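Asks: Got work_23.pdb for you, PDB, C-alpha atoms:
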```
MODEL        1
ATOM      1  CA  VAL A  12       8.282  -8.135   2.528  1.00  0.00           C
ATOM      2  CA  ARG A  13       9.107  -8.950  -1.115  1.00  0.00           C
ATOM      3  CA  GLY A  14       7.095 -10.612  -3.846  1.00  0.00           C
ATOM      4  CA  LEU A  15       3.444 -11.265  -4.611  1.00  0.00           C
ATOM      5  CA  VAL A  16       0.917 -11.198  -1.754  1.00  0.00           C
ATOM      6  CA  VAL A  17      -2.720 -12.255  -2.150  1.00  0.00           C
ATOM      7  CA  ALA A  18      -4.717 -11.761   1.059  1.00  0.00           C
ATOM      8  CA  PRO A  19      -8.534 -11.824   0.895  1.00  0.00           C
ATOM      9  CA  ALA A  20      -9.136  -9.274   3.647  1.00  0.00           C
ATOM     10  CA  TYR A  21      -6.066  -7.527   5.117  1.00  0.00           C
ATOM     11  CA  PHE A  22      -2.359  -7.089   4.395  1.00  0.00           C
ATOM     12  CA  ASN A  23      -0.170  -5.169   6.842  1.00  0.00           C
ATOM     13  CA  VAL A  24       3.491  -4.173   6.901  1.00  0.00           C
ATOM     14  CA  VAL A  25       4.638  -3.026  10.345  1.00  0.00           C
ATOM     15  CA  GLU A  26       5.924   0.455  11.146  1.00  0.00           C
ATOM     16  CA  ASP A  27       9.229   1.300   9.419  1.00  0.00           C
ATOM     17  CA  GLY A  28       8.957  -1.899   7.350  1.00  0.00           C
ATOM     18  CA  THR A  29       9.410  -2.102   3.586  1.00  0.00           C
ATOM     19  CA  PHE A  30       7.197  -3.707   0.975  1.00  0.00           C
ATOM     20  CA  ARG A  31       8.512  -4.430  -2.529  1.00  0.00           C
ATOM     21  CA  GLY A  32       6.237  -6.165  -4.984  1.00  0.00           C
ATOM     22  CA  VAL A  33       2.515  -6.589  -5.666  1.00  0.00           C
ATOM     23  CA  SER A  34      -0.251  -6.950  -3.084  1.00  0.00           C
ATOM     24  CA  VAL A  35      -3.899  -7.769  -3.806  1.00  0.00           C
ATOM     25  CA  SER A  36      -6.174  -7.441  -0.771  1.00  0.00           C
ATOM     26  CA  ALA A  37      -9.348  -5.635   0.307  1.00  0.00           C
ATOM     27  CA  PHE A  38      -7.288  -3.489   2.732  1.00  0.00           C
ATOM     28  CA  ASN A  39      -3.561  -2.859   2.217  1.00  0.00           C
ATOM     29  CA  ARG A  40      -1.809  -1.015   5.049  1.00  0.00           C
ATOM     30  CA  ILE A  41       1.878  -0.268   4.563  1.00  0.00           C
ATOM     31  CA  GLN A  42       3.150   1.468   7.704  1.00  0.00           C
ATOM     32  CA  GLY A  43       6.562   1.993   6.167  1.00  0.00           C
ATOM     33  CA  ARG A  44       7.871   2.265   2.595  1.00  0.00           C
ATOM     34  CA  GLN A  45       5.989   0.860  -0.412  1.00  0.00           C
ATOM     35  CA  ASN A  46       7.819   0.130  -3.659  1.00  0.00           C
ATOM     36  CA  GLY A  47       5.473  -1.527  -6.096  1.00  0.00           C
ATOM     37  CA  LEU A  48       1.750  -1.991  -6.600  1.00  0.00           C
ATOM     38  CA  THR A  49      -1.163  -2.427  -4.201  1.00  0.00           C
ATOM     39  CA  ILE A  50      -4.653  -3.273  -5.451  1.00  0.00           C
ATOM     40  CA  GLY A  51      -7.591  -3.131  -3.047  1.00  0.00           C
ATOM     41  CA  ILE A  52     -10.635  -1.262  -1.819  1.00  0.00           C
ATOM     42  CA  LEU A  53      -8.542   0.762   0.672  1.00  0.00           C
ATOM     43  CA  ASN A  54      -4.785   1.297   0.260  1.00  0.00           C
ATOM     44  CA  ILE A  55      -2.707   3.229   2.809  1.00  0.00           C
ATOM     45  CA  ALA A  56       1.048   3.838   2.603  1.00  0.00           C
ATOM     46  CA  GLU A  57       3.176   6.046   4.823  1.00  0.00           C
ATOM     47  CA  GLU A  58       5.823   6.422   2.102  1.00  0.00           C
ATOM     48  CA  LEU A  59       4.676   5.615  -1.435  1.00  0.00           C
ATOM     49  CA  HIS A  60       7.121   4.975  -4.267  1.00  0.00           C
ATOM     50  CA  GLY A  61       4.825   3.039  -6.555  1.00  0.00           C
ATOM     51  CA  LEU A  62       1.175   2.756  -7.504  1.00  0.00           C
ATOM     52  CA  GLN A  63      -2.080   2.230  -5.624  1.00  0.00           C
ATOM     53  CA  ILE A  64      -5.256   1.091  -7.406  1.00  0.00           C
ATOM     54  CA  GLY A  65      -8.486   1.114  -5.391  1.00  0.00           C
ATOM     55  CA  LEU A  66     -11.544   3.042  -4.240  1.00  0.00           C
ATOM     56  CA  VAL A  67      -9.631   4.992  -1.564  1.00  0.00           C
ATOM     57  CA  ASN A  68      -5.871   5.462  -1.877  1.00  0.00           C
ATOM     58  CA  ILE A  69      -3.844   7.311   0.764  1.00  0.00           C
ATOM     59  CA  ALA A  70      -0.157   8.209   0.504  1.00  0.00           C
ATOM     60  CA  ARG A  71       0.957  10.170   3.566  1.00  0.00           C
ATOM     61  CA  ASN A  72       4.251  11.381   2.054  1.00  0.00           C
ATOM     62  CA  LYS A  73       2.581  13.119  -0.920  1.00  0.00           C
ATOM     63  CA  ARG A  74       1.786  16.829  -0.529  1.00  0.00           C
ATOM     64  CA  SER A  75      -0.676  16.962  -3.406  1.00  0.00           C
ATOM     65  CA  ASN A  76      -3.249  14.238  -4.001  1.00  0.00           C
ATOM     66  CA  ARG A  77      -2.652  12.529  -0.637  1.00  0.00           C
ATOM     67  CA  VAL A  78      -6.088  10.943  -0.802  1.00  0.00           C
ATOM     68  CA  LEU A  79      -7.595   9.770  -4.095  1.00  0.00           C
TER
ENDMDL
END
```
What is this file in structure tokens?
Replies:
Amino acid sequence: VRGLVVAPAYFNVVEDGTFRGVSVSAFNRIQGRQNGLTIGILNIAEELHGLQIGLVNIARNKRSNRVL
């Protein structure tokens, strides 16, 4: 997925998928690689190479600060 995504409730990228761009949603779930920005209440990325802004941010590939 590439570009700007605005989803009121839920945005999902399937396992081993790639997201490049900006996503604004209550729940962002990137089950693959994230390059870019996600803004939401809950942001989860398996492989984060970008920025997450929200109440709960999870990056599974980070050893330190996996959950902020």
Asks: From the list A:Arg44, A:Ile64, A:Ile50, A:Ala56, which residue is nearest Pro19 of chain A when using only C-alpha atoms?
Replies: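 The shortest atom-to-atom distance to Pro19 of chain A comes from A:Ile50.
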Asks: On this structure, which residues satisfy the PyMOL selection byres ((chain A and resi 77) around 12), written as an MDAnalysis selection string?
Replies: chainID A and resid 54:59 63 67:76 78:79
Asks: Between atom CA of Val25 of chain A and atom CA of Asn39 of chain A, measure the distance and give it in Å to one decimal.
Replies: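 Between atom CA of Val25 of chain A and atom CA of Asn39 of chain A the gap is 11.5 Å.
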Asks: Using all atoms listed in the file, which of A:Val17, A:Leu62, A:Val24, A:Leu48 sits nearest Ser36 of chain A?
Replies: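 Smallest distance to Ser36 of chain A is found for A:Val17.
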Asks: Compare A:Leu66, A:Val16, A:Asn23, A:Gly47 by their minimum atom-to-atom distance to Val35 of chain A, counting only C-alpha atoms, and give me the closest one.
Replies: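 Distance minimum relative to Val35 of chain A lands on A:Val16.
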Asks: Nearest residue to Asn46 of chain A out of A:His60, A:Arg13, A:Ala18, A:Gly28, using only C-alpha atoms?
Replies: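 Nearest candidate to Asn46 of chain A out of A:His60, A:Arg13, A:Ala18, A:Gly28: A:His60.
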Asks: Could you list the residues chosen by the PyMOL selection byres ((chain A and resi 12) around 7) in this structure as a short mmCIF file (atom, residue, chain, number, x, y, z; two decimals) with C-alpha atoms, in the coordinates of the input?
Replies:
```cif
data_model
loop_
_atom_site.label_atom_id
_atom_site.label_comp_id
_atom_site.auth_asym_id
_atom_site.auth_seq_id
_atom_site.Cartn_x
_atom_site.Cartn_y
_atom_site.Cartn_z
CA ARG A 13 9.11 -8.95 -1.12
CA GLY A 14 7.10 -10.61 -3.85
CA THR A 29 9.41 -2.10 3.59
CA PHE A 30 7.20 -3.71 0.98
CA ARG A 31 8.51 -4.43 -2.53
#
```
Asks: I'd like the interatomic distance between atom CA of Glu26 of chain A and atom CA of Gly65 of chain A, to a tenth of an Å.
Replies: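 Computing the Euclidean distance for atom CA of Glu26 of chain A and atom CA of Gly65 of chain A yields 21.9 Å.
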Asks: One number please: atom CA of Ile52 of chain A to atom CA of Val33 of chain A, in Å, one decimal.
Replies: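 It comes out at 14.7 Å.
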Asks: Hey, could you pull the box centre and edge lengths for segment 55-61 of chain A, axis-aligned, 4 Å padding per side, all listed atoms, to one decimal in Å, as lines of an AutoDock Vina configuration file?
Replies:
```
center_x = 2.2
center_y = 4.7
center_z = -0.9
size_x = 17.8
size_y = 11.4
size_z = 19.4
```
Asks: For C-alpha atoms, please extract segment 38-75 of chain A from the block and return it as a CSV table (one decimal), in the first residue's frame.
Replies:
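Heads up, here's the output in out01.csv:
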```csv
chain,number,residue,atom,x,y,z
A,38,PHE,CA,-6.3,1.4,14.9
A,39,ASN,CA,-3.4,0.9,12.5
A,40,ARG,CA,-2.2,-2.7,12.1
A,41,ILE,CA,0.8,-3.2,9.8
A,42,GLN,CA,1.5,-7.0,9.7
A,43,GLY,CA,4.6,-6.4,7.5
A,44,ARG,CA,6.9,-3.5,6.9
A,45,GLN,CA,6.0,0.2,7.7
A,46,ASN,CA,7.8,3.0,6.0
A,47,GLY,CA,6.2,6.3,6.9
A,48,LEU,CA,3.8,7.7,9.5
A,49,THR,CA,0.8,6.2,11.3
A,50,ILE,CA,-1.4,8.3,13.5
A,51,GLY,CA,-4.0,6.6,15.7
A,52,ILE,CA,-5.1,5.5,19.2
A,53,LEU,CA,-3.3,2.1,18.7
A,54,ASN,CA,-0.5,1.5,16.2
A,55,ILE,CA,1.1,-1.9,15.7
A,56,ALA,CA,3.9,-2.6,13.2
A,57,GLU,CA,5.8,-5.8,12.8
A,58,GLU,CA,8.8,-4.0,11.2
A,59,LEU,CA,8.9,-0.2,11.8
A,60,HIS,CA,11.0,2.1,9.7
A,61,GLY,CA,9.1,5.3,10.4
A,62,LEU,CA,7.1,7.0,13.0
A,63,GLN,CA,4.0,6.1,15.1
A,64,ILE,CA,2.0,8.8,16.9
A,65,GLY,CA,-0.7,7.6,19.3
A,66,LEU,CA,-1.7,6.5,22.8
A,67,VAL,CA,-0.2,3.0,22.4
A,68,ASN,CA,2.5,2.3,19.8
A,69,ILE,CA,4.0,-1.1,19.3
A,70,ALA,CA,7.0,-1.9,17.0
A,71,ARG,CA,7.8,-5.6,17.2
A,72,ASN,CA,11.3,-5.3,15.6
A,73,LYS,CA,12.6,-2.8,18.1
A,74,ARG,CA,14.5,-4.3,21.1
A,75,SER,CA,14.2,-1.2,23.3
```
